[in-house]
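Shown next, in structure tokens, is the structure this report addresses.
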Amino acid sequence: KINESEKKREIKIINPLIRCHMKVAHVIQRYLPSDQLRGAERYMCAVSEKLAKKGFSITILTSKNITSNGFHSIIFNPFTKKIKKKIEEINGVDVVRFDTNYPLKILLHGIYFISRIIRINQLKELFFLLSYGPLLSPIYYHIKNSDYDIVHATPPIYVHTWLAWKAARKKKIPFVILSLYHFEMSTLHQKNRYVNKIIRNSDAVITCTNIEKKKLVETGVSQNKIHVVPLGIEPSDWKIQSGKRFRKKYSINKNDFVLLLPFKEYYKGATNTLKAVKLLSKYKKMVIIALGNTNEKSWREEVKKCEHIRIIEPGWINEDEKKDIFDGCDILVQPSIDESFGITYFEAWMCGKAVIGAKAGVMPEIIRDGIDGYLVKFGNTKELAEKIMYLYKNPKLRMDMGNNGKKKVLKEYTWDIVSKNLESIYNNIGLNR
């Protein structure tokens with residue numbers, strides 16, 4: 001029997017042996033209407049809506065959190081606003097939200113710190129995983145008592161993914177993991193046996209690049225399980241932004257050269273960028289706009305040394321204002337020590353902007369050095385300053401790089417392409433079940 005809600009969904013025949021109308025659970029830390037979603041969250045949002053339109057029955061399992069407050073530490077604000085609706089439908093996708101178990105999370109964090117002090121690696125790795133990210137205990141029982149055909153979760157370093165993986169293994173439901181492998185951050189992946197166990201014992205592993213695939217094979221993941229599916233962009237979302245509106249709001253002159261720092265974390269290269277711009281202090285028309293709410297000590301200390309540089313920190317912004325900022329900047333600077341993919345570069349390219357990344361992780365596969373951006377060695381502030389200066393003096397080069405990047409995104413990196421690849425992976429798993 002098909003209930004009324006299922007009757008409303010279109011059922012498509014993809015193969016004589018299988019229907020497209022699969023029931024799939026997508027497990028992620030936050031979901032709409034949370035604002036400023038990070039890469040993995042935006043991935044789940046985009047592919048869920050695309051697959052729902054293709055006839056899949058998609059259910060998002062997520063937290064009630066609007067921000068990522070309390071995900072990574074025991075310090076959190078218990079009065080932070082949360083999404084009240086536990087169950088709702090958003091753009092054809094069913095969403096089920098769970099409360100984060102903060103008391104248990106604090107206890108697990110405490111055990112993690114004790115295990116670090118007494119240096120018991122196995123305990124340290126286990127309790128790092130159990131205390132990292134939103135602890136959504138009911139997800140385990142929800143999946144264990146469900147009739148999902150597939151469970152797809154990310155990122156593997158978060159405890160909600162571990163809970164979903166354990167439940168899927170118990171229920172014998174095929175499990176798909178988006179690995180988002182940060183192989184420059186060894187403590188998160190290579191040295192954590194439990195994170196690697198999730199990846200190795202999934203039915204399908206999705207990587208964003210061939211570099212990431214190669215690294216996973218080296219860690220013991222079966223090559224036959226790995227599917228290279230990059231993240232994407234929705235081109236229609238990038239047609240109404242206004243850089244002029246952004247510049248007017250912050251009183252930025254037409255001739256000011258604006259550097260966009262999408263994140264203020266040290267590993268994203270934010271403090272190194274400030275140090276590089278300090279070397280260019282005689283160019284008074286440079287303006288830095290730094291997004292994100294992170295206020296790391298290294299960032300704040302470096303800001304104090306940059307009194308001669310205009311630094312704008314808008315704080316929490318919505319998606320529309322973010323697009324205006326991307327459109328209104330001159331270049332995007334994010335020379336990260338580690339990126340699993342780096343969707344912000346694609347957003348800059350959609351606005352025709354040149355980008356600067358670091359020669360680290362998967363970036364050599366994403367940014368074509370000298371064609372759609374520049375790659376610099378992480379921490380080499382002199383080299384970074386030189387590249388910023390060269391782009392500052394060559395507006396035509398900036399425009400050419402931005403256009404080259406946009407052409408590449410439209411050809412290879414859209415959510416339609418991503419969802420088509422996922423559809424094929426899901427159907428193959430369904431046929432082999």
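Residue numbering restarts at 1 in every chain; chains get A, B, ... in the order shown in the structure tokens, and ligands count up from 1 in that same order.
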
Selection: 12 Å around range 217-219 of chain A, only C-alpha atoms, excl. self and same-chain fewer than 5 positions, as a PyMOL selection string: chain A and resi 181+183+186+189-193+195-197+199-200+205+207+210-212+224-227

Would you write out those residues with N, CA and C atoms, as an mmCIF file, in the first residue's frame?
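Written file, result_19.cif:
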data_model
loop_
_atom_site.group_PDB
_atom_site.id
_atom_site.type_symbol
_atom_site.label_atom_id
_atom_site.label_comp_id
_atom_site.auth_asym_id
_atom_site.auth_seq_id
_atom_site.Cartn_x
_atom_site.Cartn_y
_atom_site.Cartn_z
ATOM 1 N N TYR A 181 37.795 13.873 2.867
ATOM 2 C CA TYR A 181 39.032 13.468 3.539
ATOM 3 C C TYR A 181 40.012 14.629 3.659
ATOM 4 N N PHE A 183 43.405 15.074 4.434
ATOM 5 C CA PHE A 183 44.603 14.294 4.719
ATOM 6 C C PHE A 183 45.783 15.128 5.166
ATOM 7 N N SER A 186 46.132 15.029 10.032
ATOM 8 C CA SER A 186 46.282 13.604 10.296
ATOM 9 C C SER A 186 45.479 13.131 11.499
ATOM 10 N N HIS A 189 41.871 11.997 10.408
ATOM 11 C CA HIS A 189 41.641 10.848 9.546
ATOM 12 C C HIS A 189 42.706 9.762 9.690
ATOM 13 N N GLN A 190 43.907 10.005 9.150
ATOM 14 C CA GLN A 190 44.874 8.912 9.087
ATOM 15 C C GLN A 190 45.128 8.240 10.427
ATOM 16 N N LYS A 191 45.165 9.022 11.512
ATOM 17 C CA LYS A 191 45.520 8.459 12.811
ATOM 18 C C LYS A 191 44.301 8.065 13.650
ATOM 19 N N ASN A 192 43.117 8.158 13.075
ATOM 20 C CA ASN A 192 41.926 7.756 13.823
ATOM 21 C C ASN A 192 41.370 6.469 13.219
ATOM 22 N N ARG A 193 41.608 5.370 13.894
ATOM 23 C CA ARG A 193 41.216 4.055 13.371
ATOM 24 C C ARG A 193 39.707 3.924 13.231
ATOM 25 N N VAL A 195 37.441 6.434 12.535
ATOM 26 C CA VAL A 195 36.991 7.159 11.347
ATOM 27 C C VAL A 195 37.294 6.339 10.100
ATOM 28 N N ASN A 196 38.495 5.777 10.037
ATOM 29 C CA ASN A 196 38.863 4.962 8.886
ATOM 30 C C ASN A 196 38.026 3.695 8.788
ATOM 31 N N LYS A 197 37.612 3.167 9.935
ATOM 32 C CA LYS A 197 36.775 1.974 9.928
ATOM 33 C C LYS A 197 35.420 2.258 9.281
ATOM 34 N N ILE A 199 34.834 4.502 6.977
ATOM 35 C CA ILE A 199 35.041 4.660 5.532
ATOM 36 C C ILE A 199 35.277 3.312 4.864
ATOM 37 N N ARG A 200 36.138 2.477 5.459
ATOM 38 C CA ARG A 200 36.467 1.179 4.855
ATOM 39 C C ARG A 200 35.269 0.236 4.818
ATOM 40 N N VAL A 205 31.850 4.746 -1.195
ATOM 41 C CA VAL A 205 32.581 5.895 -0.668
ATOM 42 C C VAL A 205 32.667 6.938 -1.774
ATOM 43 N N THR A 207 34.229 10.384 -3.077
ATOM 44 C CA THR A 207 35.292 11.372 -2.920
ATOM 45 C C THR A 207 35.052 12.506 -3.908
ATOM 46 N N ASN A 210 40.204 12.970 -7.517
ATOM 47 C CA ASN A 210 41.030 11.773 -7.713
ATOM 48 C C ASN A 210 42.176 11.728 -6.717
ATOM 49 N N ILE A 211 42.662 12.903 -6.276
ATOM 50 C CA ILE A 211 43.710 12.948 -5.256
ATOM 51 C C ILE A 211 43.196 12.319 -3.962
ATOM 52 N N GLU A 212 41.966 12.667 -3.590
ATOM 53 C CA GLU A 212 41.363 12.105 -2.379
ATOM 54 C C GLU A 212 41.171 10.594 -2.528
ATOM 55 N N ASN A 224 37.283 -0.383 -5.598
ATOM 56 C CA ASN A 224 36.000 -0.666 -6.245
ATOM 57 C C ASN A 224 34.830 0.040 -5.564
ATOM 58 N N LYS A 225 35.021 0.428 -4.298
ATOM 59 C CA LYS A 225 33.950 1.097 -3.561
ATOM 60 C C LYS A 225 33.914 2.602 -3.802
ATOM 61 N N ILE A 226 35.016 3.140 -4.322
ATOM 62 C CA ILE A 226 35.172 4.597 -4.371
ATOM 63 C C ILE A 226 34.621 5.172 -5.676
ATOM 64 N N HIS A 227 33.834 6.223 -5.548
ATOM 65 C CA HIS A 227 33.265 6.933 -6.691
ATOM 66 C C HIS A 227 33.663 8.407 -6.585
#

Exercise: Thr344 in chain A partners within 9 Å, only C-alpha atoms, chain neighbours under 6 positions left out, as a PyMOL selection string: chain A and resi 39+262+332+334

Output N, CA, C and O atoms for every residue in that selection, as a PDB file, in the first residue's frame.
ATOM      1  N   GLY A  39      30.196  23.482   3.626  1.00  0.00           N
ATOM      2  CA  GLY A  39      30.246  22.694   2.398  1.00  0.00           C
ATOM      3  C   GLY A  39      29.448  21.403   2.426  1.00  0.00           C
ATOM      4  O   GLY A  39      28.638  21.137   1.534  1.00  0.00           O
ATOM      5  N   PRO A 262      36.830  34.137   3.014  1.00  0.00           N
ATOM      6  CA  PRO A 262      35.557  33.494   3.371  1.00  0.00           C
ATOM      7  C   PRO A 262      35.511  32.987   4.813  1.00  0.00           C
ATOM      8  O   PRO A 262      34.438  32.858   5.390  1.00  0.00           O
ATOM      9  N   LEU A 332      39.304  36.406  -4.367  1.00  0.00           N
ATOM     10  CA  LEU A 332      39.082  35.588  -3.175  1.00  0.00           C
ATOM     11  C   LEU A 332      40.418  34.996  -2.756  1.00  0.00           C
ATOM     12  O   LEU A 332      41.138  34.425  -3.593  1.00  0.00           O
ATOM     13  N   GLN A 334      42.066  32.345  -0.132  1.00  0.00           N
ATOM     14  CA  GLN A 334      41.857  31.286   0.854  1.00  0.00           C
ATOM     15  C   GLN A 334      42.956  30.233   0.699  1.00  0.00           C
ATOM     16  O   GLN A 334      42.729  29.122   0.243  1.00  0.00           O
TER      17      GLN A 334
END

Residues near Phe378 in chain A, cut-off 7 Å, only C-alpha atoms, skip fewer than 6 positions along chain, as an MDAnalysis selection string: chainID A and resid 335:337 358:359

For N, CA and C atoms, I'd like the residues from the last selection saved as a PDB file, in the first residue's frame.
ATOM      1  N   PRO A 335      44.185  30.584   1.098  1.00  0.00           N
ATOM      2  CA  PRO A 335      45.311  29.656   0.959  1.00  0.00           C
ATOM      3  C   PRO A 335      45.364  28.654   2.115  1.00  0.00           C
ATOM      4  N   SER A 336      44.425  27.719   2.112  1.00  0.00           N
ATOM      5  CA  SER A 336      44.252  26.778   3.227  1.00  0.00           C
ATOM      6  C   SER A 336      45.333  25.710   3.241  1.00  0.00           C
ATOM      7  N   ILE A 337      45.676  25.271   4.439  1.00  0.00           N
ATOM      8  CA  ILE A 337      46.583  24.131   4.569  1.00  0.00           C
ATOM      9  C   ILE A 337      45.880  22.846   4.187  1.00  0.00           C
ATOM     10  N   ALA A 358      46.133  27.329  -1.793  1.00  0.00           N
ATOM     11  CA  ALA A 358      47.450  26.846  -1.383  1.00  0.00           C
ATOM     12  C   ALA A 358      47.805  25.546  -2.102  1.00  0.00           C
ATOM     13  N   LYS A 359      49.096  25.318  -2.261  1.00  0.00           N
ATOM     14  CA  LYS A 359      49.576  24.062  -2.841  1.00  0.00           C
ATOM     15  C   LYS A 359      49.516  22.981  -1.773  1.00  0.00           C
TER      16      LYS A 359
END

Point-to-point distance from CA of Tyr413 in chain A to CA of Gly361 in chain A, Å rounded to tenths: 18.9 Å

Separation of CA of Glu41 in chain A from CA of Gln29 in chain A in Å: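 CA of Gln29 in chain A sits 7.1 Å away from CA of Glu41 in chain A.
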
Per-residue DSSP, range 38-68 of chain A, filtered to alpha helix (DSSP H), as a list in words: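 Those in range 38-68 of chain A that DSSP calls alpha helix (DSSP H) are Gly39, Ala40, Glu41, Arg42, Tyr43, Met44, Cys45, Ala46, Val47, Ser48, Glu49, Lys50, Leu51, Ala52 and Lys53 of chain A.
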
With N, CA, C and O atoms retained, write the just-selected residues as a short mmCIF file (atom, residue, chain, number, x, y, z; two decimals), in the first residue's frame.
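This went into out_28.cif:
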data_model
loop_
_atom_site.label_atom_id
_atom_site.label_comp_id
_atom_site.auth_asym_id
_atom_site.auth_seq_id
_atom_site.Cartn_x
_atom_site.Cartn_y
_atom_site.Cartn_z
N GLY A 39 30.20 23.48 3.63
CA GLY A 39 30.25 22.69 2.40
C GLY A 39 29.45 21.40 2.43
O GLY A 39 28.64 21.14 1.53
N ALA A 40 29.67 20.57 3.46
CA ALA A 40 28.97 19.29 3.53
C ALA A 40 27.46 19.49 3.67
O ALA A 40 26.66 18.73 3.10
N GLU A 41 27.07 20.50 4.43
CA GLU A 41 25.65 20.77 4.65
C GLU A 41 24.99 21.25 3.36
O GLU A 41 23.86 20.85 3.03
N ARG A 42 25.67 22.10 2.63
CA ARG A 42 25.12 22.59 1.37
C ARG A 42 25.04 21.47 0.34
O ARG A 42 24.14 21.43 -0.50
N TYR A 43 26.01 20.56 0.40
CA TYR A 43 25.98 19.39 -0.47
C TYR A 43 24.70 18.59 -0.25
O TYR A 43 23.97 18.26 -1.19
N MET A 44 24.40 18.27 1.02
CA MET A 44 23.21 17.48 1.33
C MET A 44 21.93 18.21 0.95
O MET A 44 20.98 17.60 0.46
N CYS A 45 21.92 19.50 1.15
CA CYS A 45 20.75 20.31 0.80
C CYS A 45 20.50 20.24 -0.71
O CYS A 45 19.38 19.97 -1.16
N ALA A 46 21.53 20.47 -1.48
CA ALA A 46 21.39 20.52 -2.94
C ALA A 46 21.02 19.16 -3.53
O ALA A 46 20.07 19.05 -4.32
N VAL A 47 21.76 18.10 -3.15
CA VAL A 47 21.49 16.80 -3.77
C VAL A 47 20.16 16.23 -3.29
O VAL A 47 19.49 15.50 -4.04
N SER A 48 19.74 16.55 -2.08
CA SER A 48 18.46 16.06 -1.58
C SER A 48 17.31 16.60 -2.41
O SER A 48 16.39 15.86 -2.80
N GLU A 49 17.36 17.90 -2.69
CA GLU A 49 16.30 18.51 -3.48
C GLU A 49 16.31 18.00 -4.92
O GLU A 49 15.25 17.75 -5.50
N LYS A 50 17.50 17.82 -5.48
CA LYS A 50 17.60 17.32 -6.86
C LYS A 50 17.08 15.89 -6.96
O LYS A 50 16.34 15.55 -7.88
N LEU A 51 17.46 15.03 -6.00
CA LEU A 51 17.03 13.63 -6.04
C LEU A 51 15.53 13.49 -5.75
O LEU A 51 14.86 12.62 -6.30
N ALA A 52 15.00 14.37 -4.89
CA ALA A 52 13.56 14.35 -4.61
C ALA A 52 12.77 14.64 -5.89
O ALA A 52 11.72 14.02 -6.14
N LYS A 53 13.27 15.55 -6.71
CA LYS A 53 12.60 15.87 -7.97
C LYS A 53 12.67 14.71 -8.96
O LYS A 53 11.83 14.60 -9.85
#

Surrounding residues of Ala270 in chain A excluding itself and chain neighbours under 4 positions, 8 Å, only C-alpha atoms, as a list in words: Leu261, Phe263, Lys264, Glu265, Tyr266, Leu274, Trp299, Gln334 and Pro335 of chain A

Ile177 in chain A surroundings by only C-alpha atoms, 7 Å radius, close-in-sequence under 2 positions cut, as an NGL selection string: :A and (152-154 or 175 or 179 or 199 or 202 or 204-206)

Among the residues A:Leu126, A:Ile240, A:Asp203, A:Leu32, the one that comes closest to Gln223 in chain A [using only C-alpha atoms]: A:Asp203

Counting only C-alpha atoms, the option among A:Tyr141, A:Tyr158, A:Phe127, A:Tyr31 closest to Glu89 in chain A: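 Closest candidate: A:Tyr31.
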
Residue among A:Pro134, A:Gly92, A:Gly342, A:Gly405 lying closest to Trp162 in chain A, counting only C-alpha atoms: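 Looking at the shortest contact to Trp162 in chain A, the residue is A:Pro134.
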
Nearest-residue call for Met22 in chain A, choices A:Gly220, A:Gly379, A:Gly373, A:Gly430, using only C-alpha atoms: A:Gly430
